[in-house]
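Participant: Below you will find the structure I want to go over with you.
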Number of protein chains: 2
Amino acid sequence: MRILLIGAGGVGAAFARIAARRSFYEAIVVADYALERAQAVVAAVGERHGDEVGARFTAARIDASDPAAVTALAREHGATHVMNAVEPGFVDAIFAGAFEAGCDYLDMAMSLSSRHPERPYEEVGVMLGDRQLAKADEWEAAGRLALVGMGVEPGLSDVFARYAADHLFSEIDELGTRDGANLVVRDEHGAEVFAPSFSIWTTIEECLNPPVVWERGRGWFTTEPFSEPEVFDFPEGIGPVECVNVEHEEVLLMPRWIDARRVTFKYGLGSEFIGVLRTLNLLGLDATEPLRVRSKDGPVMVSPRDVVAAALPDPATIGPRMEGKTCAGVWVTGTGVDGEPRSTYLYHVADNAWTMAEYDSQCVVWQTALNPVIALELLATGAWSGAGVLGPEALDAKPFLDLMALPIDEGGYGQAWGMREQPTPSAIAAGTATMGDTPA
Amino acid sequence: MRILLIGAGGVGAAFARIAARRSFYEAIVVADYALERAQAVVAAVGERHGDEVGARFTAARIDASDPAAVTALAREHGATHVMNAVEPGFVDAIFAGAFEAGCDYLDMAMSLSSRHPERPYEEVGVMLGDRQLAKADEWEAAGRLALVGMGVEPGLSDVFARYAADHLFSEIDELGTRDGANLVVRDEHGAEVFAPSFSIWTTIEECLNPPVVWERGRGWFTTEPFSEPEVFDFPEGIGPVECVNVEHEEVLLMPRWIDARRVTFKYGLGSEFIGVLRTLNLLGLDATEPLRVRSKDGPVMVSPRDVVAAALPDPATIGPRMEGKTCAGVWVTGTGVDGEPRSTYLYHVADNAWTMAEYDSQCVVWQTALNPVIALELLATGAWSGAGVLGPEALDAKPFLDLMALPIDEGGYGQAWGMREQPTPSAIAAGTATMGDTPA
């Protein structure tokens, strides 16, 4: 296996650092629009793991917006797999370039959506991944695999859903991805500052797009932003966080391979962050369309969203000043294999102190990057195989979760995942139980 | 009396429209940095009131940041009074230029403050008006009058405070200016939009500066922004609005001429607006320091606050799409002239529908501009006179309020003002009374 990794940002760098400890591949080419960023990632791997490991990594420059450039670089290095680790705006180009090069393909976010022109908060328009899934027949006919949405969310969440469907439930009512964290960032004086752990540009895109929900008999539909607020009590000390519906790939992927009555994604933005996003929207500061603004050098045209991003700390630099944990998981409700009602949260938690110490990566990007490394290892060993455009839930979840949880000294990734039984949503909504209760 | 009006923005235009109906002056020169704006104001007066009135108005261009330009223009037109109606950043220059020209001077906002370098939220630094009040002896020696803070707030609020001290109270506990409105702005489809009725740039300055409070024995001190939140029930259908401490001229002026235990200013920003300001501050979008931002033409330097201002509707254009009322007043508590405890709100309300119909001015700027016109008329008739740098409370309140309230057909301004007895703050705080109650 020869991997062309496109993107040497936070997630790309973490991918390289995680993969550096594994031996399932022959080579990884780290490519970025900024060659020096790719070179820095390669150099860091060599410094930490020595020349032998370092020799498997090469840096290259790429314009990821050009499918032909992707094809050419993949061919130049004899890549068998293209690993997309850049902003979702580049998915279409990289996806096309990888196919042309005859490579298999993985990404962690799917092709972008466009809202319904007349009823954006009721009906879907072009959905996340639509342009990729439309090519499924071509990929299948070519015997090639595009494994899409293979980060942590989407990715690990989809693996959990498949595991629940195969091993825990006889009938699923709802597959509800729930993502939450208790991360705080401090300034040099120790005071808490507002510093999102991921790109505010992307977060605005994700959170202000109409959230999508899937229901059996109704299919996909959208709602107003921040709909169905719910306080979810996250495990391992993270605690209660306000979650709201957000547009996310799980809702588009899970119903295609798993039988359920309803599929949702709720993001634990917390009330402060929701307030910030609402205000940015209210004031038009989420807009990407350039605005005429006075400056010392006369009027200039800038996009308000770019100004917001420029005013905030760069998420790539905040890892050392961050503390707390992030949790990704799926709340599955329905009927257990024993025929009894069941409500289970399957999850994985990453602690920033640990990911910084072990991988020099902040926990949110590290948790994202972990999963495609595991997936590639399963593809390399033949434990996973397939053709077409598939979500993670199209493949058997057990080998993935087993390899992830297996201790490092036994050849695994040493990443325990959790399973918590909790009262059903209806019991919580009725106020007869709280999430922390042991279910009857 | 020959008036040089500097500033043909919202307040300047409203001043001209109100003054156009009065005859106490010989001439008004409307001067602005943008000559066409001054010309438009003069033309509108001529169209509405005919050639005879129009002939008393002249348009001129001025750079208000240059004291010498102010002096020159005042001399050129033989001005006896300089009326400052531009942003407070120009106060120092216009104040100096007027003195040099031998004119009397009026403004509606005082020279700007600078926060205390070490303890900004505890101690005052340079206070509002400090640089003007420092020149009081020079003005007095020259026999000239600078009547500062003569808008609605400061201005009418200070007149109310003086009236209360002279006619209603034997001892004053607190002079608490309270400003609130129920204004809404709608878009072309009738939907409510976020559109402040005054410059967001100035509002940020005013609301994020450390609020100042005065107490007998302690003097002036500052607090954190948005301190001492209080829901004040405004009269004439406006209703309850959340008010917070804000830095404002009344707190600097009233204690110099009126005996009270405490002087405060609370602005009815409402919880939504407070939330917006807090968020802008949290994200650093209130900053005036330019920031490097990407643009299609390469990186540019823009001030985030300028971007916020550019993203919002221009307050000068929203009058026709606005509805509601604005209220300015002072809540006075203490001992009445009868020796009994007393708690009285003295106020004036302006209705946007009426100010638009009568004066083609939105109510907030109209209410601001009304008061210096009345003050100038009192100075012209000799009902008011003085020398030095004085706040409105240094002069007798009765002739002002009488002329304001006198019906138009009897030669007054036809602007009724109100007085409402209400329970004391301590009774409200203790929960034994609400503001709407008739006090015992």
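In the structure tokens, each chain is lettered A, B, ... as it comes, each chain's residues begin at 1, and ligands are numbered from 1 in order of appearance.
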Check every residue of chain A for an atom within 12 Å of chain B, counting only C-alpha atoms, and provide those that qualify as a PyMOL selection string.

Facilitator: chain A and resi 192-196+200+272-313

Participant: Got a sec: who's within 10 Å of stretch 69-82 of chain B, counting only C-alpha atoms, leaving out chain neighbours fewer than 4 positions off, as a PyMOL selection string?

Facilitator: chain B and resi 1-6+27-29+31+58+60-65+93-107+145-146+376

Participant: Go ahead and write the residues just picked, N, CA, C and O atoms, as a short mmCIF file (atom, residue, chain, number, x, y, z; two decimals), in the first residue's frame.

Facilitator:
```
data_model
loop_
_atom_site.label_atom_id
_atom_site.label_comp_id
_atom_site.auth_asym_id
_atom_site.auth_seq_id
_atom_site.Cartn_x
_atom_site.Cartn_y
_atom_site.Cartn_z
N MET B 1 -28.74 86.17 16.89
CA MET B 1 -27.98 84.91 17.01
C MET B 1 -27.72 84.31 15.64
O MET B 1 -28.63 84.19 14.84
N ARG B 2 -26.43 84.00 15.38
CA ARG B 2 -26.04 83.37 14.12
C ARG B 2 -25.35 82.05 14.47
O ARG B 2 -24.32 82.06 15.14
N ILE B 3 -25.93 80.95 14.01
CA ILE B 3 -25.49 79.62 14.44
C ILE B 3 -24.67 78.93 13.36
O ILE B 3 -25.10 78.82 12.21
N LEU B 4 -23.48 78.46 13.75
CA LEU B 4 -22.73 77.57 12.86
C LEU B 4 -22.99 76.14 13.33
O LEU B 4 -22.52 75.73 14.40
N LEU B 5 -23.79 75.40 12.55
CA LEU B 5 -24.10 74.00 12.87
C LEU B 5 -23.08 73.12 12.18
O LEU B 5 -23.02 73.10 10.94
N ILE B 6 -22.29 72.39 12.96
CA ILE B 6 -21.27 71.53 12.34
C ILE B 6 -21.76 70.09 12.40
O ILE B 6 -21.96 69.53 13.47
N ALA B 27 -29.54 83.39 11.34
CA ALA B 27 -28.98 82.54 10.29
C ALA B 27 -28.43 81.25 10.87
O ALA B 27 -27.97 81.22 12.03
N ILE B 28 -28.50 80.20 10.07
CA ILE B 28 -27.84 78.94 10.43
C ILE B 28 -26.97 78.51 9.24
O ILE B 28 -27.48 78.38 8.11
N VAL B 29 -25.68 78.32 9.50
CA VAL B 29 -24.78 77.77 8.48
C VAL B 29 -24.64 76.28 8.76
O VAL B 29 -24.19 75.89 9.84
N ALA B 31 -22.73 73.06 8.14
CA ALA B 31 -21.42 72.70 7.60
C ALA B 31 -21.15 71.22 7.81
O ALA B 31 -21.47 70.66 8.86
N THR B 58 -27.58 78.35 5.11
CA THR B 58 -26.51 78.30 4.12
C THR B 58 -25.74 76.99 4.32
O THR B 58 -25.58 76.55 5.47
N ALA B 60 -22.10 74.81 3.93
CA ALA B 60 -20.65 75.04 3.81
C ALA B 60 -19.93 73.72 4.02
O ALA B 60 -20.47 72.78 4.60
N ARG B 61 -18.69 73.68 3.55
CA ARG B 61 -17.86 72.51 3.78
C ARG B 61 -16.91 72.81 4.94
O ARG B 61 -16.41 73.94 5.06
N ILE B 62 -16.67 71.78 5.78
CA ILE B 62 -15.71 71.98 6.88
C ILE B 62 -14.99 70.68 7.21
O ILE B 62 -15.57 69.60 7.09
N ASP B 63 -13.73 70.83 7.62
CA ASP B 63 -13.00 69.69 8.20
C ASP B 63 -13.02 69.90 9.71
O ASP B 63 -12.24 70.68 10.26
N ALA B 64 -13.92 69.18 10.36
CA ALA B 64 -14.16 69.42 11.79
C ALA B 64 -13.02 68.95 12.67
O ALA B 64 -13.03 69.20 13.87
N SER B 65 -12.03 68.29 12.10
CA SER B 65 -10.89 67.86 12.91
C SER B 65 -9.86 68.97 13.04
O SER B 65 -8.88 68.83 13.76
N ALA B 93 -11.53 69.50 18.89
CA ALA B 93 -11.18 70.44 17.82
C ALA B 93 -12.24 71.54 17.70
O ALA B 93 -11.90 72.73 17.58
N ILE B 94 -13.50 71.18 17.73
CA ILE B 94 -14.57 72.17 17.54
C ILE B 94 -14.67 73.10 18.74
O ILE B 94 -14.84 74.32 18.60
N PHE B 95 -14.52 72.51 19.92
CA PHE B 95 -14.54 73.29 21.18
C PHE B 95 -13.44 74.35 21.16
O PHE B 95 -13.67 75.53 21.47
N ALA B 96 -12.24 73.96 20.75
CA ALA B 96 -11.11 74.89 20.69
C ALA B 96 -11.33 75.95 19.60
O ALA B 96 -11.09 77.14 19.82
N GLY B 97 -11.83 75.50 18.44
CA GLY B 97 -12.04 76.42 17.33
C GLY B 97 -13.10 77.46 17.65
O GLY B 97 -12.99 78.63 17.27
N ALA B 98 -14.15 77.05 18.38
CA ALA B 98 -15.23 77.97 18.74
C ALA B 98 -14.72 79.04 19.71
O ALA B 98 -15.03 80.22 19.57
N PHE B 99 -13.91 78.62 20.67
CA PHE B 99 -13.37 79.57 21.64
C PHE B 99 -12.52 80.61 20.94
O PHE B 99 -12.65 81.82 21.18
N GLU B 100 -11.66 80.14 20.06
CA GLU B 100 -10.76 81.02 19.32
C GLU B 100 -11.56 82.05 18.50
O GLU B 100 -11.16 83.20 18.36
N ALA B 101 -12.71 81.61 18.00
CA ALA B 101 -13.54 82.51 17.18
C ALA B 101 -14.37 83.47 18.03
O ALA B 101 -15.08 84.34 17.50
N GLY B 102 -14.33 83.28 19.37
CA GLY B 102 -15.12 84.14 20.24
C GLY B 102 -16.59 83.80 20.26
O GLY B 102 -17.45 84.63 20.60
N CYS B 103 -16.91 82.56 19.87
CA CYS B 103 -18.32 82.12 19.86
C CYS B 103 -18.68 81.45 21.17
O CYS B 103 -17.83 80.93 21.88
N ASP B 104 -19.97 81.40 21.45
CA ASP B 104 -20.47 80.46 22.44
C ASP B 104 -20.54 79.08 21.76
O ASP B 104 -20.48 78.97 20.53
N TYR B 105 -20.67 78.04 22.58
CA TYR B 105 -20.53 76.68 22.04
C TYR B 105 -21.54 75.76 22.70
O TYR B 105 -21.80 75.87 23.90
N LEU B 106 -22.12 74.83 21.92
CA LEU B 106 -22.99 73.78 22.47
C LEU B 106 -22.60 72.45 21.84
O LEU B 106 -22.27 72.40 20.65
N ASP B 107 -22.68 71.40 22.63
CA ASP B 107 -22.54 70.07 22.04
C ASP B 107 -23.52 69.11 22.69
O ASP B 107 -24.27 69.50 23.61
N LEU B 145 -19.86 81.22 26.96
CA LEU B 145 -20.54 80.04 27.47
C LEU B 145 -20.30 78.82 26.58
O LEU B 145 -20.55 78.88 25.37
N ALA B 146 -19.82 77.74 27.19
CA ALA B 146 -19.84 76.44 26.52
C ALA B 146 -20.86 75.59 27.26
O ALA B 146 -20.66 75.22 28.42
N LEU B 376 -30.88 76.91 22.67
CA LEU B 376 -30.45 78.10 21.93
C LEU B 376 -31.53 79.18 21.96
O LEU B 376 -31.24 80.37 22.07
#
```

Participant: Hey, could you make a per-residue contact list for stretch 259-293 of chain A against stretch 216-227 of chain A with 9 Å as the cut-off, showing the nearest pair of atoms and its distance in Å to one decimal, counting only C-alpha atoms, sorted by chain and number, as JSON lines?

Facilitator:
```
{"residue": "A:Asp259", "atom": "CA", "partner": "A:Arg216", "partner_atom": "CA", "distance": 8.9}
{"residue": "A:Ala260", "atom": "CA", "partner": "A:Arg216", "partner_atom": "CA", "distance": 7.2}
{"residue": "A:Arg261", "atom": "CA", "partner": "A:Arg216", "partner_atom": "CA", "distance": 5.0}
{"residue": "A:Arg262", "atom": "CA", "partner": "A:Arg216", "partner_atom": "CA", "distance": 6.3}
{"residue": "A:Val263", "atom": "CA", "partner": "A:Arg216", "partner_atom": "CA", "distance": 8.9}
{"residue": "A:Lys266", "atom": "CA", "partner": "A:Phe226", "partner_atom": "CA", "distance": 9.0}
{"residue": "A:Ile274", "atom": "CA", "partner": "A:Phe226", "partner_atom": "CA", "distance": 7.6}
```

Participant: Keeping C-alpha atoms, export the residues of the selection given above as a PDB file, in the first residue's frame.

Facilitator:
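Output file again.pdb is given in full below:
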```pdb
ATOM      1  CA  ASP A 259     -32.230  -0.228   9.044  1.00  0.00           C
ATOM      2  CA  ALA A 260     -33.559   2.390  11.475  1.00  0.00           C
ATOM      3  CA  ARG A 261     -36.663   4.506  11.975  1.00  0.00           C
ATOM      4  CA  ARG A 262     -34.809   7.794  12.376  1.00  0.00           C
ATOM      5  CA  VAL A 263     -31.248   9.116  11.970  1.00  0.00           C
ATOM      6  CA  LYS A 266     -26.520  16.512  17.217  1.00  0.00           C
ATOM      7  CA  ILE A 274     -24.655  28.553  19.755  1.00  0.00           C
TER       8      ILE A 274
END
```

Participant: Mind checking DSSP for stretch 239-295 of chain A and telling me the strand (DSSP E) residues as a PyMOL selection string?

Facilitator: chain A and resi 239-245+262-267+291-293

Participant: Pick from B:Gly180, B:Pro407, B:Pro67, B:Gly382: nearest to B:Thr326, with only C-alpha atoms counted?

Facilitator: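 Distance minimum relative to B:Thr326 lands on B:Gly180.
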
Participant: Using only C-alpha atoms, which residues sit within 9 Å of B:Ser114 once same-chain residues fewer than 5 positions away are excluded, as a list of chain:residue names?

Facilitator: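 Once the adjacent positions are removed, what remains is B:Val124, B:Gly125, B:Val126, B:Met127, B:Leu128, B:Asn209.
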